[in-house]
file query.txt (compact mmCIF, C-alpha atoms)
# COMPACT_ATOMS: atom_id res chain seq x y z
CA MET A 1 -18.39 1.40 -1.11
CA THR A 2 -15.35 -0.18 -2.77
CA VAL A 3 -14.73 -0.12 -6.49
CA LYS A 4 -12.45 -3.01 -7.42
CA ASN A 5 -10.73 -1.58 -10.45
CA LYS A 6 -7.18 -2.44 -9.44
CA PRO A 7 -5.38 -5.78 -9.59
CA LEU A 8 -4.64 -7.93 -6.57
CA GLN A 9 -1.79 -9.54 -8.52
CA LEU A 10 1.06 -7.17 -9.32
CA LYS A 11 3.97 -7.87 -11.64
CA GLY A 12 6.97 -5.60 -11.92
CA ARG A 13 10.68 -5.05 -12.08
CA VAL A 14 12.48 -4.83 -8.77
CA TYR A 15 14.58 -1.90 -7.59
CA ILE A 16 16.38 -2.58 -4.30
CA VAL A 17 17.38 -0.02 -1.67
CA PRO A 18 18.88 -2.29 1.02
CA GLU A 19 20.17 0.40 3.36
CA PRO A 20 18.55 0.39 6.83
CA ASP A 21 16.97 3.44 8.44
CA VAL A 22 16.37 5.43 5.25
CA ASP A 23 14.51 8.42 6.63
CA THR A 24 12.01 10.65 4.89
CA ASP A 25 14.62 13.38 4.35
CA MET A 26 16.75 10.89 2.39
CA ILE A 27 13.70 9.95 0.36
CA PHE A 28 12.55 13.54 -0.29
CA HIS A 29 14.96 16.26 0.83
CA ASN A 30 13.59 19.22 2.77
CA ARG A 31 14.95 21.67 0.18
CA TYR A 32 12.08 20.57 -2.12
CA LEU A 33 9.26 20.95 0.39
CA HIS A 34 8.03 24.02 -1.50
CA ILE A 35 6.85 21.67 -4.29
CA THR A 36 3.14 21.11 -3.80
CA ASP A 37 2.20 19.33 -7.03
CA PRO A 38 2.56 15.56 -6.42
CA ALA A 39 3.28 15.02 -10.13
CA GLU A 40 6.49 17.04 -9.76
CA MET A 41 7.74 15.29 -6.62
CA GLY A 42 9.01 12.10 -8.25
CA GLN A 43 12.04 13.72 -9.87
CA TRP A 44 13.50 14.45 -6.42
CA ILE A 45 13.08 11.00 -4.85
CA PHE A 46 16.32 9.74 -3.24
CA GLY A 47 18.06 13.00 -4.11
CA ASN A 48 19.59 12.90 -0.64
CA LEU A 49 20.65 9.24 -0.83
CA PRO A 50 23.88 9.24 -2.92
CA GLN A 51 23.75 5.54 -3.88
CA HIS A 52 20.32 5.99 -5.47
CA VAL A 53 20.18 9.51 -6.94
CA ASP A 54 19.53 7.99 -10.39
CA PHE A 55 16.32 6.32 -9.16
CA PRO A 56 13.89 8.77 -10.84
CA LYS A 57 15.63 8.22 -14.18
CA VAL A 58 15.72 4.42 -14.09
CA ILE A 59 12.42 3.55 -12.43
CA LYS A 60 9.58 2.59 -14.78
CA ASP A 61 5.83 2.62 -14.31
CA GLY A 62 4.83 -0.56 -12.45
CA ASP A 63 8.23 -1.20 -10.86
CA ILE A 64 8.34 -2.54 -7.31
CA LEU A 65 10.57 -1.04 -4.64
CA ILE A 66 12.26 -3.36 -2.14
CA VAL A 67 13.68 -1.66 0.93
CA GLY A 68 15.59 -2.38 4.11
CA HIS A 69 14.75 -2.19 7.80
CA ASN A 70 12.89 0.86 9.18
CA PHE A 71 12.32 2.47 5.79
CA GLY A 72 10.66 5.88 5.97
CA CYS A 73 11.58 6.60 9.57
CA GLY A 74 11.64 10.19 10.74
CA SER A 75 9.04 12.77 9.90
CA SER A 76 5.53 12.53 8.53
CA ARG A 77 6.65 13.93 5.15
CA GLN A 78 3.89 12.96 2.70
CA GLN A 79 6.10 13.85 -0.27
CA ALA A 80 8.16 10.74 0.58
CA VAL A 81 5.11 8.69 -0.42
CA ASP A 82 3.64 10.88 -3.16
CA GLY A 83 6.94 10.94 -5.09
CA PHE A 84 6.86 7.15 -5.50
CA ILE A 85 3.26 7.30 -6.68
CA ALA A 86 4.20 10.03 -9.20
CA LEU A 87 6.93 7.75 -10.58
CA GLY A 88 4.51 4.85 -10.98
CA VAL A 89 5.93 2.56 -8.27
CA SER A 90 3.27 -0.14 -7.91
CA ALA A 91 4.23 -1.44 -4.43
CA ILE A 92 6.85 -1.21 -1.71
CA ILE A 93 8.13 -4.35 0.01
CA GLY A 94 10.33 -4.02 3.06
CA LYS A 95 11.64 -5.66 6.15
CA SER A 96 9.99 -2.96 8.28
CA PHE A 97 8.75 0.62 8.00
CA GLY A 98 8.62 3.72 10.13
CA ALA A 99 5.18 3.84 11.77
CA ILE A 100 4.07 7.18 10.31
CA TYR A 101 5.46 6.33 6.87
CA LYS A 102 3.60 3.01 6.89
CA ARG A 103 0.32 4.74 7.72
CA ASN A 104 0.87 7.47 5.11
CA THR A 105 1.65 4.88 2.43
CA ILE A 106 -1.42 2.80 3.21
CA ASN A 107 -3.61 5.94 3.35
CA ALA A 108 -2.31 6.99 -0.08
CA GLY A 109 -3.43 3.64 -1.53
CA LEU A 110 0.08 2.41 -2.35
CA PRO A 111 0.44 -1.30 -1.47
CA LEU A 112 2.96 -1.81 1.29
CA ILE A 113 4.10 -5.36 2.08
CA GLU A 114 6.12 -6.24 5.16
CA CYS A 115 8.48 -9.13 4.57
CA ALA A 116 11.30 -9.84 6.99
CA ALA A 117 13.12 -12.15 4.55
CA ILE A 118 12.90 -10.05 1.39
CA LEU A 119 16.53 -8.85 1.37
CA ASN A 120 17.70 -12.47 1.80
CA SER A 121 15.54 -13.77 -1.05
CA GLY A 122 18.26 -13.61 -3.71
CA LEU A 123 16.41 -10.95 -5.69
CA LYS A 124 18.43 -8.23 -7.37
CA THR A 125 17.56 -4.96 -9.04
CA GLY A 126 16.08 -5.68 -12.46
CA ASP A 127 14.49 -9.03 -11.57
CA VAL A 128 10.79 -9.37 -12.30
CA ILE A 129 8.47 -10.58 -9.55
CA ASP A 130 4.79 -11.15 -8.92
CA ILE A 131 3.08 -10.15 -5.69
CA ASP A 132 -0.23 -11.61 -4.59
CA LEU A 133 -1.67 -8.82 -2.43
CA GLU A 134 -4.24 -11.19 -0.91
CA THR A 135 -1.73 -13.81 0.30
CA GLY A 136 1.52 -11.83 0.46
CA LYS A 137 3.30 -14.45 -1.69
CA ILE A 138 6.17 -13.05 -3.72
CA THR A 139 7.25 -15.18 -6.66
CA ASN A 140 9.94 -14.89 -9.31
CA GLN A 141 9.42 -15.25 -13.08
CA ASP A 142 9.71 -19.03 -12.81
CA GLY A 143 6.76 -19.07 -10.39
CA ASN A 144 8.93 -20.04 -7.43
CA VAL A 145 8.02 -18.43 -4.11
CA VAL A 146 10.94 -16.27 -3.01
CA ALA A 147 9.32 -14.86 0.12
CA ASP A 148 6.09 -14.64 2.09
CA GLY A 149 5.06 -11.13 3.04
CA SER A 150 2.07 -9.59 4.71
CA SER A 151 -1.20 -9.52 2.84
CA LEU A 152 -3.49 -6.52 2.49
CA GLY A 153 -6.13 -6.49 5.20
CA ALA A 154 -9.74 -5.62 4.44
CA VAL A 155 -9.37 -1.92 5.28
CA GLN A 156 -6.08 -1.64 3.39
CA LYS A 157 -7.76 -3.25 0.35
CA ASP A 158 -10.63 -0.78 0.52
CA ILE A 159 -8.16 2.13 0.60
CA TYR A 160 -6.10 0.62 -2.24
CA PHE A 161 -9.15 0.05 -4.48
CA ALA A 162 -10.36 3.61 -3.82
CA ASP A 163 -6.95 5.16 -4.71
CA GLY A 164 -6.48 6.45 -1.19
CA LEU A 165 -8.24 7.12 2.08
CA MET A 166 -9.56 10.53 1.02
CA GLN A 167 -11.17 9.05 -2.11
CA LEU A 168 -12.63 6.21 -0.03
CA ALA A 169 -14.21 8.74 2.32
CA GLN A 170 -15.72 10.62 -0.63
CA LYS A 171 -17.20 7.40 -2.05
CA SER A 172 -18.79 6.38 1.25
call {"tool": "encode", "arguments": {"input": "query.txt", "output": "structure tokens"}}
result
Amino acid sequence: MTVKNKPLQLKGRVYIVPEPDVDTDMIFHNRYLHITDPAEMGQWIFGNLPQHVDFPKVIKDGDILIVGHNFGCGSSRQQAVDGFIALGVSAIIGKSFGAIYKRNTINAGLPLIECAAILNSGLKTGDVIDIDLETGKITNQDGNVVADGSSLGAVQKDIYFADGLMQLAQKS
């Protein structure tokens, strides 16, 4: 059973991490793996990525993360997903994702959009965009389409609406 209490149209400020091959240790350093409360994980996001160590201080609830090629490669570190959720990131758009990271993100109910052209769209950190999760269309504030990404499939929508795979299983 799916409860549709979440929007399929997201609007948010963009924060761009264009570097390729950002692995899960760069997203959430192994020195913080002792932290088990997801609400505390956000403060350590990108603590091992010098160009973006200020991310937890500047990101706002509802912001959208845009990332480069092969984002989240490496381990199956769930904290690298949960930290973004704790900070209120509403979606992640990227050229491509590590396979395990992609699955973990989807299973956590965080919208993940693949979009090969996103880094060439002219967007910059601070711009405001809209994402249509059903079509994958990404538009700027003027309503102009800046890129076409992947849409959420039926199973991904069910997981998103349920706030994660574990909650979906409990509702079934």
call {"tool": "atom_distance", "arguments": {"input": "query.txt", "atom1": "CA of Gly153 (chain A)", "atom2": "CA of Ile16 (chain A)"}}
result
24.7 Å
call {"tool": "residues_around", "arguments": {"input": "query.txt", "residues": "region 133-142 of chain A", "least_positions_apart": "2", "cutoff": "8 Å", "atoms": "only C-alpha atoms", "output": "ChimeraX atom specification"}}
result
/A:8-10,111,113,127-131,144-153
call {"tool": "residues_around", "arguments": {"input": "query.txt", "residues": "region 95-110 of chain A", "least_positions_apart": "2", "cutoff": "8 Å", "atoms": "only C-alpha atoms", "output": "JSON, numbers by chain"}}
result
{"A": [67, 68, 69, 70, 71, 72, 73, 74, 75, 76, 77, 78, 81, 82, 85, 90, 91, 92, 93, 112, 114, 115, 116, 117, 118, 119, 156, 159, 160, 161, 162, 163, 164, 165, 166]}
call {"tool": "closest_residue", "arguments": {"input": "query.txt", "among": "A:Thr125, A:Asn120, A:Gln167, A:Gln79", "to": "His52 (chain A)", "atoms": "all atoms listed in the file"}}
result
A:Thr125
call {"tool": "closest_residue", "arguments": {"input": "query.txt", "among": "A:Gly62, A:Ala80, A:Asn5, A:Val53", "to": "Phe28 (chain A)", "atoms": "all atoms listed in the file"}}
result
A:Ala80
call {"tool": "residues_around", "arguments": {"input": "query.txt", "residues": "Gln51 (chain A)", "least_positions_apart": "6", "cutoff": "12 Å", "atoms": "only C-alpha atoms", "output": "list in words"}}
result
Ile16, Val17, Pro18, Glu19, Val22, Met26 and Ile27 of chain A
call {"tool": "closest_residue", "arguments": {"input": "query.txt", "among": "A:Ile66, A:Ala39, A:Ala169, A:Ile59", "to": "Ala86 (chain A)", "atoms": "all atoms listed in the file"}}
result
A:Ala39
call {"tool": "atom_distance", "arguments": {"input": "query.txt", "atom1": "CA of Asp21 (chain A)", "atom2": "CA of Gly94 (chain A)"}}
result
11.3 Å
call {"tool": "residues_around", "arguments": {"input": "query.txt", "residues": "Asp54 (chain A)", "least_positions_apart": "3", "cutoff": "12 Å", "atoms": "only C-alpha atoms", "output": "MDAnalysis selection string"}}
result
chainID A and resid 15 42:51 57:59
call {"tool": "atom_distance", "arguments": {"input": "query.txt", "atom1": "CA of Pro7 (chain A)", "atom2": "CA of Pro38 (chain A)"}}
result
23.0 Å
call {"tool": "closest_residue", "arguments": {"input": "query.txt", "among": "A:Ile35, A:Val155, A:Met41, A:Leu123", "to": "Leu87 (chain A)", "atoms": "all atoms listed in the file"}}
result
A:Met41
call {"tool": "build_atoms", "arguments": {"input": "query.txt", "residues": "region 66-82 of chain A", "atoms": "N, CA and C atoms", "output": "PDB file, in the coordinates of the input"}}
result
ATOM      1  N   ILE A  66      11.939  -2.510  -3.287  1.00  0.00           N
ATOM      2  CA  ILE A  66      12.260  -3.360  -2.140  1.00  0.00           C
ATOM      3  C   ILE A  66      13.231  -2.587  -1.265  1.00  0.00           C
ATOM      4  N   VAL A  67      12.912  -2.505   0.026  1.00  0.00           N
ATOM      5  CA  VAL A  67      13.680  -1.660   0.930  1.00  0.00           C
ATOM      6  C   VAL A  67      14.101  -2.404   2.190  1.00  0.00           C
ATOM      7  N   GLY A  68      15.051  -1.800   2.886  1.00  0.00           N
ATOM      8  CA  GLY A  68      15.590  -2.380   4.110  1.00  0.00           C
ATOM      9  C   GLY A  68      14.770  -2.037   5.350  1.00  0.00           C
ATOM     10  N   HIS A  69      15.345  -2.353   6.476  1.00  0.00           N
ATOM     11  CA  HIS A  69      14.750  -2.190   7.800  1.00  0.00           C
ATOM     12  C   HIS A  69      14.441  -0.719   8.109  1.00  0.00           C
ATOM     13  N   ASN A  70      13.277  -0.459   8.668  1.00  0.00           N
ATOM     14  CA  ASN A  70      12.890   0.860   9.180  1.00  0.00           C
ATOM     15  C   ASN A  70      12.840   1.925   8.090  1.00  0.00           C
ATOM     16  N   PHE A  71      12.405   1.538   6.914  1.00  0.00           N
ATOM     17  CA  PHE A  71      12.320   2.470   5.790  1.00  0.00           C
ATOM     18  C   PHE A  71      11.266   3.530   6.075  1.00  0.00           C
ATOM     19  N   GLY A  72      11.599   4.790   5.787  1.00  0.00           N
ATOM     20  CA  GLY A  72      10.660   5.880   5.970  1.00  0.00           C
ATOM     21  C   GLY A  72      10.573   6.394   7.393  1.00  0.00           C
ATOM     22  N   CYS A  73      11.589   6.097   8.203  1.00  0.00           N
ATOM     23  CA  CYS A  73      11.580   6.600   9.570  1.00  0.00           C
ATOM     24  C   CYS A  73      11.723   8.125   9.549  1.00  0.00           C
ATOM     25  N   GLY A  74      11.472   8.744  10.656  1.00  0.00           N
ATOM     26  CA  GLY A  74      11.640  10.190  10.740  1.00  0.00           C
ATOM     27  C   GLY A  74      10.321  10.914  10.747  1.00  0.00           C
ATOM     28  N   SER A  75      10.196  11.872   9.878  1.00  0.00           N
ATOM     29  CA  SER A  75       9.040  12.770   9.900  1.00  0.00           C
ATOM     30  C   SER A  75       7.834  12.172   9.190  1.00  0.00           C
ATOM     31  N   SER A  76       6.766  12.959   9.179  1.00  0.00           N
ATOM     32  CA  SER A  76       5.530  12.530   8.530  1.00  0.00           C
ATOM     33  C   SER A  76       5.447  13.082   7.107  1.00  0.00           C
ATOM     34  N   ARG A  77       6.564  13.296   6.469  1.00  0.00           N
ATOM     35  CA  ARG A  77       6.650  13.930   5.150  1.00  0.00           C
ATOM     36  C   ARG A  77       5.892  13.147   4.086  1.00  0.00           C
ATOM     37  N   GLN A  78       4.729  13.633   3.694  1.00  0.00           N
ATOM     38  CA  GLN A  78       3.890  12.960   2.700  1.00  0.00           C
ATOM     39  C   GLN A  78       4.545  12.882   1.330  1.00  0.00           C
ATOM     40  N   GLN A  79       5.419  13.845   1.021  1.00  0.00           N
ATOM     41  CA  GLN A  79       6.100  13.850  -0.270  1.00  0.00           C
ATOM     42  C   GLN A  79       6.932  12.582  -0.464  1.00  0.00           C
ATOM     43  N   ALA A  80       7.364  11.967   0.633  1.00  0.00           N
ATOM     44  CA  ALA A  80       8.160  10.740   0.580  1.00  0.00           C
ATOM     45  C   ALA A  80       7.324   9.541   0.140  1.00  0.00           C
ATOM     46  N   VAL A  81       6.020   9.690   0.130  1.00  0.00           N
ATOM     47  CA  VAL A  81       5.110   8.690  -0.420  1.00  0.00           C
ATOM     48  C   VAL A  81       4.654   9.126  -1.811  1.00  0.00           C
ATOM     49  N   ASP A  82       4.217  10.369  -1.910  1.00  0.00           N
ATOM     50  CA  ASP A  82       3.640  10.880  -3.160  1.00  0.00           C
ATOM     51  C   ASP A  82       4.633  10.834  -4.321  1.00  0.00           C
TER      52      ASP A  82
END
